[in-house]
file entry_11.tsv (TSV, C-alpha atoms)
chain	number	residue	atom	x	y	z
U	714	MET	CA	44.43	59.83	-37.57
U	715	LEU	CA	43.63	57.06	-40.02
U	716	ALA	CA	47.36	56.42	-40.46
U	717	GLU	CA	47.61	55.88	-36.68
U	718	VAL	CA	44.75	53.38	-36.84
U	719	GLU	CA	46.54	51.49	-39.60
U	720	THR	CA	49.86	51.59	-37.72
U	721	SER	CA	48.32	50.27	-34.50
U	722	THR	CA	46.65	47.46	-36.43
U	723	ARG	CA	49.96	46.47	-38.03
U	724	ALA	CA	51.70	46.64	-34.64
U	725	GLY	CA	49.68	43.64	-33.46
U	726	GLU	CA	46.90	45.38	-31.59
U	727	ARG	CA	43.27	44.40	-32.08
U	728	PRO	CA	42.30	45.31	-35.63
U	729	VAL	CA	39.91	48.21	-35.87
U	730	SER	CA	36.74	47.32	-37.72
U	731	ILE	CA	35.53	49.30	-40.70
U	732	ASN	CA	32.42	50.22	-38.66
U	733	GLU	CA	34.62	51.71	-35.92
U	734	ILE	CA	36.57	53.71	-38.49
U	735	ILE	CA	33.39	55.02	-40.14
U	736	SER	CA	31.85	55.84	-36.75
U	737	THR	CA	34.96	57.78	-35.72
U	738	ILE	CA	35.03	59.77	-38.96
U	739	ILE	CA	31.34	60.64	-38.64
U	740	SER	CA	31.83	61.70	-35.01
U	741	VAL	CA	34.75	63.95	-35.88
U	742	VAL	CA	32.92	65.62	-38.79
U	743	PHE	CA	29.60	66.18	-37.02
U	744	ALA	CA	30.98	66.98	-33.58
U	745	GLY	CA	33.31	69.53	-35.12
U	746	HIS	CA	30.58	71.30	-37.07
U	747	ASP	CA	27.76	71.53	-34.53
U	748	THR	CA	29.84	72.34	-31.49
U	749	VAL	CA	31.88	75.04	-33.21
U	750	THR	CA	28.76	76.64	-34.70
U	751	ASN	CA	27.08	76.58	-31.29
U	752	GLN	CA	30.19	77.94	-29.57
U	753	ILE	CA	30.38	80.86	-32.02
U	754	THR	CA	26.72	81.62	-31.27
U	755	ASN	CA	27.18	81.35	-27.48
U	756	THR	CA	30.24	83.61	-27.55
U	757	ILE	CA	28.53	86.24	-29.73
U	758	LEU	CA	25.55	86.25	-27.37
U	759	ALA	CA	27.88	86.70	-24.38
U	760	LEU	CA	29.52	89.64	-26.15
U	761	LEU	CA	26.13	91.19	-26.97
U	762	ARG	CA	25.07	90.80	-23.33
U	763	HIS	CA	28.32	92.49	-22.25
U	764	PRO	CA	28.69	95.41	-24.68
U	765	GLU	CA	31.72	96.78	-22.83
U	766	GLN	CA	33.54	93.52	-23.62
U	767	LEU	CA	32.46	93.69	-27.28
U	768	GLU	CA	33.72	97.26	-27.54
U	769	LEU	CA	37.01	96.28	-25.90
U	770	LEU	CA	37.42	93.48	-28.46
U	771	ARG	CA	36.64	95.84	-31.34
U	772	ARG	CA	39.33	98.24	-30.15
U	773	ASP	CA	41.97	95.57	-29.48
U	774	ARG	CA	42.00	92.53	-31.76
U	775	SER	CA	44.90	91.02	-29.80
U	776	LEU	CA	42.21	90.05	-27.25
U	777	ILE	CA	40.54	87.62	-29.69
U	778	PRO	CA	42.37	84.50	-28.38
U	779	GLY	CA	41.39	85.45	-24.83
U	780	ALA	CA	37.80	86.08	-25.93
U	781	VAL	CA	37.69	82.59	-27.45
U	782	GLU	CA	38.95	80.98	-24.24
U	783	GLU	CA	36.61	83.04	-22.07
U	784	GLY	CA	33.69	82.20	-24.35
U	785	LEU	CA	34.54	78.50	-24.02
U	786	ARG	CA	34.68	78.86	-20.25
U	787	TYR	CA	31.71	81.16	-19.71
U	788	ASP	CA	29.14	79.46	-21.94
U	789	SER	CA	30.51	76.23	-23.38
U	790	ALA	CA	28.61	74.54	-26.20
U	791	VAL	CA	29.52	71.22	-24.57
U	792	GLN	CA	28.17	71.08	-21.01
U	793	SER	CA	28.71	67.42	-20.13
U	794	ASN	CA	30.12	64.16	-21.36
U	795	SER	CA	29.84	60.59	-20.16
U	796	ARG	CA	32.41	57.83	-20.11
U	797	ARG	CA	32.45	54.18	-19.09
U	798	LEU	CA	35.27	53.40	-16.67
U	799	GLY	CA	37.93	51.01	-17.97
U	800	GLU	CA	39.10	50.14	-14.47
U	801	ASP	CA	38.14	50.57	-10.81
U	802	VAL	CA	38.74	54.15	-9.64
U	803	GLU	CA	38.47	55.89	-6.29
U	804	LEU	CA	37.01	59.37	-6.65
U	805	GLY	CA	36.19	61.62	-3.72
U	806	GLY	CA	36.45	58.69	-1.32
U	807	LYS	CA	34.00	56.57	-3.32
U	808	LEU	CA	34.93	53.41	-5.21
U	809	LEU	CA	33.70	53.41	-8.79
U	810	LYS	CA	33.78	50.05	-10.54
U	811	LYS	CA	35.05	49.15	-13.97
U	812	GLY	CA	32.11	49.47	-16.37
U	813	ASP	CA	30.37	52.21	-14.36
U	814	PHE	CA	29.33	55.34	-16.22
U	815	VAL	CA	30.56	58.72	-15.02
U	816	VAL	CA	29.34	62.09	-16.21
U	817	ALA	CA	31.74	65.02	-16.33
U	818	LEU	CA	29.94	68.35	-15.99
U	819	MET	CA	32.29	70.57	-17.95
U	820	GLY	CA	29.95	73.55	-17.80
U	821	ALA	CA	30.03	73.40	-14.00
U	822	ALA	CA	33.81	72.92	-13.95
U	823	ASN	CA	34.17	76.02	-16.11
U	824	ARG	CA	32.36	78.05	-13.42
U	825	ASP	CA	34.19	76.51	-10.44
U	826	PRO	CA	35.02	79.35	-7.99
U	827	ALA	CA	38.01	77.34	-6.75
U	828	GLN	CA	39.50	77.65	-10.25
U	829	PHE	CA	38.21	81.02	-11.46
U	830	ASP	CA	37.87	84.32	-9.61
U	831	ASP	CA	34.34	85.68	-9.96
U	832	PRO	CA	33.39	82.78	-12.28
U	833	ASP	CA	30.01	84.19	-13.33
U	834	ARG	CA	31.64	87.32	-14.76
U	835	PHE	CA	32.38	87.37	-18.52
U	836	ASP	CA	35.83	88.94	-18.92
U	837	ILE	CA	37.82	88.58	-22.14
U	838	THR	CA	40.94	89.92	-20.37
U	839	ARG	CA	40.87	87.07	-17.82
U	840	THR	CA	44.27	85.34	-17.74
U	841	GLY	CA	45.16	81.70	-17.22
U	842	VAL	CA	41.85	80.42	-18.58
U	843	GLN	CA	41.93	76.68	-19.21
U	844	PRO	CA	38.35	75.72	-20.00
U	845	MET	CA	37.25	72.09	-19.68
U	846	SER	CA	35.10	72.43	-22.80
U	847	PHE	CA	37.32	70.09	-24.82
U	848	GLY	CA	37.75	67.52	-22.06
U	849	ALA	CA	41.13	66.38	-20.78
U	850	GLY	CA	43.63	63.57	-20.88
U	851	MET	CA	43.42	60.79	-23.43
U	852	ARG	CA	39.85	61.84	-24.31
U	853	PHE	CA	40.82	65.44	-25.10
U	854	CYS	CA	38.93	66.64	-28.19
U	855	LEU	CA	40.72	65.77	-31.43
U	856	GLY	CA	39.45	68.95	-33.04
U	857	ALA	CA	40.34	71.43	-30.30
U	858	VAL	CA	43.10	73.16	-32.28
U	859	LEU	CA	40.93	73.50	-35.40
U	860	ALA	CA	37.94	74.63	-33.33
U	861	ARG	CA	39.99	77.42	-31.75
U	862	ILE	CA	41.19	78.56	-35.18
U	863	GLU	CA	37.59	78.63	-36.46
U	864	LEU	CA	36.38	80.50	-33.38
U	865	ARG	CA	39.14	83.11	-33.70
U	866	SER	CA	38.40	83.60	-37.39
U	867	ALA	CA	34.66	83.97	-36.77
U	868	LEU	CA	35.15	86.52	-33.98
U	869	ASP	CA	37.63	88.48	-36.07
U	870	ARG	CA	35.00	88.88	-38.80
U	871	LEU	CA	31.87	89.25	-36.69
U	872	VAL	CA	33.16	92.02	-34.43
U	873	ASN	CA	33.57	94.13	-37.60
U	874	LEU	CA	29.79	94.32	-37.97
U	875	GLU	CA	28.72	97.88	-37.20
U	876	ASN	CA	26.22	98.17	-34.36
U	877	MET	CA	25.69	94.41	-34.11
U	878	ARG	CA	22.72	93.74	-31.84
U	879	LEU	CA	19.97	91.25	-31.13
U	880	ALA	CA	17.11	91.35	-33.63
U	881	CYS	CA	14.63	90.05	-31.05
U	882	ALA	CA	13.82	90.48	-27.39
U	883	GLU	CA	16.27	88.52	-25.26
U	884	GLU	CA	13.40	86.66	-23.58
U	885	ASP	CA	12.45	85.27	-27.01
U	886	LEU	CA	15.72	83.35	-27.27
U	887	SER	CA	15.39	79.63	-26.60
U	888	TYR	CA	17.76	76.70	-26.26
U	889	GLN	CA	17.68	73.21	-27.73
U	890	ARG	CA	16.68	70.57	-25.18
U	891	SER	CA	19.85	68.69	-24.27
U	892	SER	CA	21.73	67.72	-21.13
U	893	MET	CA	25.00	67.51	-23.06
U	894	PHE	CA	24.98	70.55	-25.33
U	895	ARG	CA	24.08	74.20	-24.83
U	896	SER	CA	22.86	75.55	-28.13
U	897	LEU	CA	20.41	78.23	-29.09
U	898	VAL	CA	17.61	77.38	-31.48
U	899	ASP	CA	18.76	80.49	-33.37
U	900	LEU	CA	20.40	83.84	-32.70
U	901	PRO	CA	18.77	86.61	-34.74
U	902	ILE	CA	21.11	89.57	-35.01
U	903	THR	CA	21.09	92.72	-37.05
U	904	PHE	CA	23.75	95.29	-37.86
U	905	ASP	CA	24.26	98.46	-39.85
U	906	PRO	CA	25.49	98.19	-43.46
U	907	VAL	CA	29.25	97.86	-43.59
U	908	ARG	CA	31.31	100.14	-45.79
U	909	ASN	CA	34.92	99.48	-46.71
U	910	TYR	CA	34.86	96.04	-45.10
U	911	PRO	CA	38.46	94.83	-44.60
U	912	ARG	CA	39.24	91.65	-46.53
call {"tool": "encode", "arguments": {"input": "entry_11.tsv", "output": "structure tokens"}}
result
Amino acid sequence: MLAEVETSTRAGERPVSINEIISTIISVVFAGHDTVTNQITNTILALLRHPEQLELLRRDRSLIPGAVEEGLRYDSAVQSNSRRLGEDVELGGKLLKKGDFVVALMGAANRDPAQFDDPDRFDITRTGVQPMSFGAGMRFCLGAVLARIELRSALDRLVNLENMRLACAEEDLSYQRSSMFRSLVDLPITFDPVRNYPR
């Protein structure tokens, strides 16, 4: 990424300031950590709330990629994002002016019944899932590939935990206050001791 910044600067485009470079690096590092951690938590909670799906995943690890995509769709850690328009745009018959802010509600898009059959159902065998959790187009998340790898790795390990279950009453779970992110304050779980854990 930094090589691309240097190349674009040498190609005659507006030089990128050191502050912009530092800001981008910080965004990539922090966005990648918090959102992936929160997505792991949201997906584990969805599996605990749907024990038949958790059991299915335990029996068939080939479903892990689908479980990741369904977790991203069903309960995305990123619920919305805002952008400033770079040009005038007509959207839904309305003219939006350059400089206007728009808010994309990715969480709502991920539950759109025009895109997903029975969108409020959590189903790790659902096919054709293309969640909006990472955005789209030129603003597609830089870390999407790495995030999916991390999510798959986490699920592969966590579903090994024998008798994994909530260690509190579900009504005691609470979420951070945010219009952009959906993240639990914490997710207390417990499980039985593991013997002969595969490495």
call {"tool": "atom_distance", "arguments": {"input": "entry_11.tsv", "atom1": "CA of Ala860 (chain U)", "atom2": "CA of Thr748 (chain U)"}}
result
8.6 Å
call {"tool": "residues_around", "arguments": {"input": "entry_11.tsv", "residues": "Ala880 (chain U)", "least_positions_apart": "6", "cutoff": "6 Å", "atoms": "all atoms listed in the file", "output": "list in words"}}
result
Pro901, Ile902 and Thr903 of chain U
call {"tool": "residues_around", "arguments": {"input": "entry_11.tsv", "residues": "Ser866 (chain U)", "least_positions_apart": "3", "cutoff": "12 Å", "atoms": "all atoms listed in the file", "output": "PyMOL selection string"}}
result
chain U and resi 749+753+774+777-778+780-781+859-863+869-873
call {"tool": "closest_residue", "arguments": {"input": "entry_11.tsv", "among": "U:Met893, U:Leu855, U:Leu776, U:Leu758", "to": "Ala821 (chain U)", "atoms": "all atoms listed in the file"}}
result
U:Met893
call {"tool": "atom_distance", "arguments": {"input": "entry_11.tsv", "atom1": "CA of Arg865 (chain U)", "atom2": "CA of Thr840 (chain U)"}}
result
16.9 Å
call {"tool": "residues_around", "arguments": {"input": "entry_11.tsv", "residues": "region 827-830 of chain U", "least_positions_apart": "4", "cutoff": "12 Å", "atoms": "all atoms listed in the file", "output": "PyMOL selection string"}}
result
chain U and resi 783+786-787+821-823+834-836+839-845
call {"tool": "closest_residue", "arguments": {"input": "entry_11.tsv", "among": "U:Ile738, U:Ala759, U:Asp833, U:Pro728", "to": "Arg878 (chain U)", "atoms": "all atoms listed in the file"}}
result
U:Ala759
call {"tool": "residues_near_point", "arguments": {"input": "entry_11.tsv", "point": "(33.0, 58.1, -20.5)", "cutoff": "7 Å", "atoms": "all atoms listed in the file", "output": "mmCIF file with C-alpha atoms, keeping the file's coordinate frame"}}
result
data_model
loop_
_atom_site.group_PDB
_atom_site.id
_atom_site.type_symbol
_atom_site.label_atom_id
_atom_site.label_comp_id
_atom_site.auth_asym_id
_atom_site.auth_seq_id
_atom_site.Cartn_x
_atom_site.Cartn_y
_atom_site.Cartn_z
ATOM 1 C CA ASN U 794 30.120 64.160 -21.360
ATOM 2 C CA SER U 795 29.840 60.590 -20.160
ATOM 3 C CA ARG U 796 32.410 57.830 -20.110
ATOM 4 C CA ARG U 797 32.450 54.180 -19.090
ATOM 5 C CA LEU U 798 35.270 53.400 -16.670
ATOM 6 C CA PHE U 814 29.330 55.340 -16.220
ATOM 7 C CA VAL U 815 30.560 58.720 -15.020
ATOM 8 C CA VAL U 816 29.340 62.090 -16.210
#
call {"tool": "atom_distance", "arguments": {"input": "entry_11.tsv", "atom1": "CA of Leu864 (chain U)", "atom2": "CA of Gln752 (chain U)"}}
result
7.7 Å
call {"tool": "residues_around", "arguments": {"input": "entry_11.tsv", "residues": "Pro906 (chain U)", "least_positions_apart": "6", "cutoff": "12 Å", "atoms": "all atoms listed in the file", "output": "ChimeraX atom specification"}}
result
/U:873-877
call {"tool": "residues_around", "arguments": {"input": "entry_11.tsv", "residues": "Tyr888 (chain U)", "least_positions_apart": "3", "cutoff": "9 Å", "atoms": "all atoms listed in the file", "output": "list in words"}}
result
Ser891, Arg895, Ser896, Leu897, Val898 and Asp899 of chain U
call {"tool": "closest_residue", "arguments": {"input": "entry_11.tsv", "among": "U:Gly799, U:Asp788, U:Asp825, U:Asn732", "to": "Asp813 (chain U)", "atoms": "all atoms listed in the file"}}
result
U:Gly799
call {"tool": "decode", "arguments": {"input": "entry_11.tsv", "residues": "region 787-893 of chain U", "atoms": "C-alpha atoms", "output": "PDB file, in the first residue's frame"}}
result
ATOM      1  CA  TYR U 787     -26.352 -11.860  10.014  1.00  0.00           C
ATOM      2  CA  ASP U 788     -24.662  -9.717  12.672  1.00  0.00           C
ATOM      3  CA  SER U 789     -21.993  -7.511  11.133  1.00  0.00           C
ATOM      4  CA  ALA U 790     -19.555  -5.727  13.440  1.00  0.00           C
ATOM      5  CA  VAL U 791     -19.775  -2.755  11.058  1.00  0.00           C
ATOM      6  CA  GLN U 792     -23.373  -1.546  10.782  1.00  0.00           C
ATOM      7  CA  SER U 793     -22.940   1.742   8.922  1.00  0.00           C
ATOM      8  CA  ASN U 794     -20.432   3.998   7.268  1.00  0.00           C
ATOM      9  CA  SER U 795     -20.566   7.561   6.022  1.00  0.00           C
ATOM     10  CA  ARG U 796     -18.993   9.150   2.984  1.00  0.00           C
ATOM     11  CA  ARG U 797     -18.839  12.634   1.510  1.00  0.00           C
ATOM     12  CA  LEU U 798     -19.900  12.701  -2.139  1.00  0.00           C
ATOM     13  CA  GLY U 799     -17.187  13.685  -4.610  1.00  0.00           C
ATOM     14  CA  GLU U 800     -19.724  14.625  -7.281  1.00  0.00           C
ATOM     15  CA  ASP U 801     -23.454  15.182  -7.773  1.00  0.00           C
ATOM     16  CA  VAL U 802     -25.362  11.885  -7.750  1.00  0.00           C
ATOM     17  CA  GLU U 803     -28.979  10.940  -8.352  1.00  0.00           C
ATOM     18  CA  LEU U 804     -30.126   8.237  -5.953  1.00  0.00           C
ATOM     19  CA  GLY U 805     -33.683   6.967  -5.770  1.00  0.00           C
ATOM     20  CA  GLY U 806     -34.917   9.943  -7.780  1.00  0.00           C
ATOM     21  CA  LYS U 807     -33.274  12.459  -5.438  1.00  0.00           C
ATOM     22  CA  LEU U 808     -30.355  14.695  -6.391  1.00  0.00           C
ATOM     23  CA  LEU U 809     -27.519  14.569  -3.895  1.00  0.00           C
ATOM     24  CA  LYS U 810     -24.937  17.326  -4.221  1.00  0.00           C
ATOM     25  CA  LYS U 811     -21.174  17.109  -4.212  1.00  0.00           C
ATOM     26  CA  GLY U 812     -20.035  17.511  -0.609  1.00  0.00           C
ATOM     27  CA  ASP U 813     -23.201  15.980   0.884  1.00  0.00           C
ATOM     28  CA  PHE U 814     -22.754  13.200   3.416  1.00  0.00           C
ATOM     29  CA  VAL U 815     -24.429   9.854   2.817  1.00  0.00           C
ATOM     30  CA  VAL U 816     -24.724   7.030   5.308  1.00  0.00           C
ATOM     31  CA  ALA U 817     -24.704   3.443   4.091  1.00  0.00           C
ATOM     32  CA  LEU U 818     -26.556   1.121   6.467  1.00  0.00           C
ATOM     33  CA  MET U 819     -24.681  -2.103   5.818  1.00  0.00           C
ATOM     34  CA  GLY U 820     -26.422  -3.934   8.648  1.00  0.00           C
ATOM     35  CA  ALA U 821     -29.790  -3.208   7.026  1.00  0.00           C
ATOM     36  CA  ALA U 822     -28.493  -4.156   3.564  1.00  0.00           C
ATOM     37  CA  ASN U 823     -27.326  -7.485   4.986  1.00  0.00           C
ATOM     38  CA  ARG U 824     -30.923  -8.222   6.066  1.00  0.00           C
ATOM     39  CA  ASP U 825     -32.584  -7.009   2.852  1.00  0.00           C
ATOM     40  CA  PRO U 826     -35.351  -9.506   1.950  1.00  0.00           C
ATOM     41  CA  ALA U 827     -34.944  -8.571  -1.717  1.00  0.00           C
ATOM     42  CA  GLN U 828     -31.402  -9.984  -1.534  1.00  0.00           C
ATOM     43  CA  PHE U 829     -31.693 -12.784   1.024  1.00  0.00           C
ATOM     44  CA  ASP U 830     -34.432 -15.374   1.515  1.00  0.00           C
ATOM     45  CA  ASP U 831     -35.635 -15.365   5.120  1.00  0.00           C
ATOM     46  CA  PRO U 832     -32.996 -12.741   6.053  1.00  0.00           C
ATOM     47  CA  ASP U 833     -33.538 -12.950   9.819  1.00  0.00           C
ATOM     48  CA  ARG U 834     -32.635 -16.655   9.847  1.00  0.00           C
ATOM     49  CA  PHE U 835     -29.023 -17.589  10.710  1.00  0.00           C
ATOM     50  CA  ASP U 836     -28.019 -20.370   8.303  1.00  0.00           C
ATOM     51  CA  ILE U 837     -24.374 -21.311   7.748  1.00  0.00           C
ATOM     52  CA  THR U 838     -25.372 -23.392   4.697  1.00  0.00           C
ATOM     53  CA  ARG U 839     -26.870 -20.350   2.938  1.00  0.00           C
ATOM     54  CA  THR U 840     -25.364 -20.011  -0.551  1.00  0.00           C
ATOM     55  CA  GLY U 841     -24.488 -16.929  -2.565  1.00  0.00           C
ATOM     56  CA  VAL U 842     -23.943 -14.753   0.507  1.00  0.00           C
ATOM     57  CA  GLN U 843     -22.258 -11.464  -0.366  1.00  0.00           C
ATOM     58  CA  PRO U 844     -22.401  -9.388   2.804  1.00  0.00           C
ATOM     59  CA  MET U 845     -21.991  -5.619   2.607  1.00  0.00           C
ATOM     60  CA  SER U 846     -19.956  -5.635   5.825  1.00  0.00           C
ATOM     61  CA  PHE U 847     -16.743  -4.654   4.027  1.00  0.00           C
ATOM     62  CA  GLY U 848     -18.354  -2.009   1.832  1.00  0.00           C
ATOM     63  CA  ALA U 849     -18.106  -2.015  -1.949  1.00  0.00           C
ATOM     64  CA  GLY U 850     -16.401  -0.382  -4.882  1.00  0.00           C
ATOM     65  CA  MET U 851     -13.356   1.820  -4.469  1.00  0.00           C
ATOM     66  CA  ARG U 852     -14.008   2.033  -0.711  1.00  0.00           C
ATOM     67  CA  PHE U 853     -14.026  -1.748  -0.225  1.00  0.00           C
ATOM     68  CA  CYS U 854     -12.189  -2.645   2.989  1.00  0.00           C
ATOM     69  CA  LEU U 855      -8.444  -3.049   2.470  1.00  0.00           C
ATOM     70  CA  GLY U 856      -8.314  -5.747   5.125  1.00  0.00           C
ATOM     71  CA  ALA U 857     -11.231  -7.898   3.948  1.00  0.00           C
ATOM     72  CA  VAL U 858      -9.065 -10.823   2.825  1.00  0.00           C
ATOM     73  CA  LEU U 859      -7.037 -10.841   6.051  1.00  0.00           C
ATOM     74  CA  ALA U 860     -10.190 -10.431   8.155  1.00  0.00           C
ATOM     75  CA  ARG U 861     -11.777 -13.480   6.528  1.00  0.00           C
ATOM     76  CA  ILE U 862      -8.621 -15.526   7.171  1.00  0.00           C
ATOM     77  CA  GLU U 863      -8.632 -14.476  10.837  1.00  0.00           C
ATOM     78  CA  LEU U 864     -12.346 -15.230  11.193  1.00  0.00           C
ATOM     79  CA  ARG U 865     -11.934 -18.689   9.653  1.00  0.00           C
ATOM     80  CA  SER U 866      -8.976 -19.466  11.900  1.00  0.00           C
ATOM     81  CA  ALA U 867     -10.835 -18.324  15.026  1.00  0.00           C
ATOM     82  CA  LEU U 868     -13.940 -20.371  14.209  1.00  0.00           C
ATOM     83  CA  ASP U 869     -11.838 -23.428  13.425  1.00  0.00           C
ATOM     84  CA  ARG U 870     -10.317 -23.265  16.920  1.00  0.00           C
ATOM     85  CA  LEU U 871     -13.327 -22.098  18.915  1.00  0.00           C
ATOM     86  CA  VAL U 872     -15.761 -24.737  17.675  1.00  0.00           C
ATOM     87  CA  ASN U 873     -13.388 -27.340  19.177  1.00  0.00           C
ATOM     88  CA  LEU U 874     -14.310 -26.172  22.677  1.00  0.00           C
ATOM     89  CA  GLU U 875     -16.377 -28.904  24.310  1.00  0.00           C
ATOM     90  CA  ASN U 876     -19.814 -27.782  25.443  1.00  0.00           C
ATOM     91  CA  MET U 877     -19.114 -24.102  24.744  1.00  0.00           C
ATOM     92  CA  ARG U 878     -21.913 -22.025  26.245  1.00  0.00           C
ATOM     93  CA  LEU U 879     -22.703 -18.605  27.660  1.00  0.00           C
ATOM     94  CA  ALA U 880     -21.391 -18.048  31.181  1.00  0.00           C
ATOM     95  CA  CYS U 881     -24.123 -15.520  31.947  1.00  0.00           C
ATOM     96  CA  ALA U 882     -27.810 -15.017  31.321  1.00  0.00           C
ATOM     97  CA  GLU U 883     -28.392 -13.775  27.782  1.00  0.00           C
ATOM     98  CA  GLU U 884     -30.278 -10.737  29.092  1.00  0.00           C
ATOM     99  CA  ASP U 885     -27.077  -9.675  30.899  1.00  0.00           C
ATOM    100  CA  LEU U 886     -25.241  -9.177  27.599  1.00  0.00           C
ATOM    101  CA  SER U 887     -24.878  -5.547  26.573  1.00  0.00           C
ATOM    102  CA  TYR U 888     -23.571  -3.690  23.541  1.00  0.00           C
ATOM    103  CA  GLN U 889     -21.258  -0.710  23.215  1.00  0.00           C
ATOM    104  CA  ARG U 890     -23.114   2.491  22.321  1.00  0.00           C
ATOM    105  CA  SER U 891     -22.376   3.188  18.663  1.00  0.00           C
ATOM    106  CA  SER U 892     -24.335   3.893  15.504  1.00  0.00           C
ATOM    107  CA  MET U 893     -21.498   2.561  13.352  1.00  0.00           C
TER     108      MET U 893
END
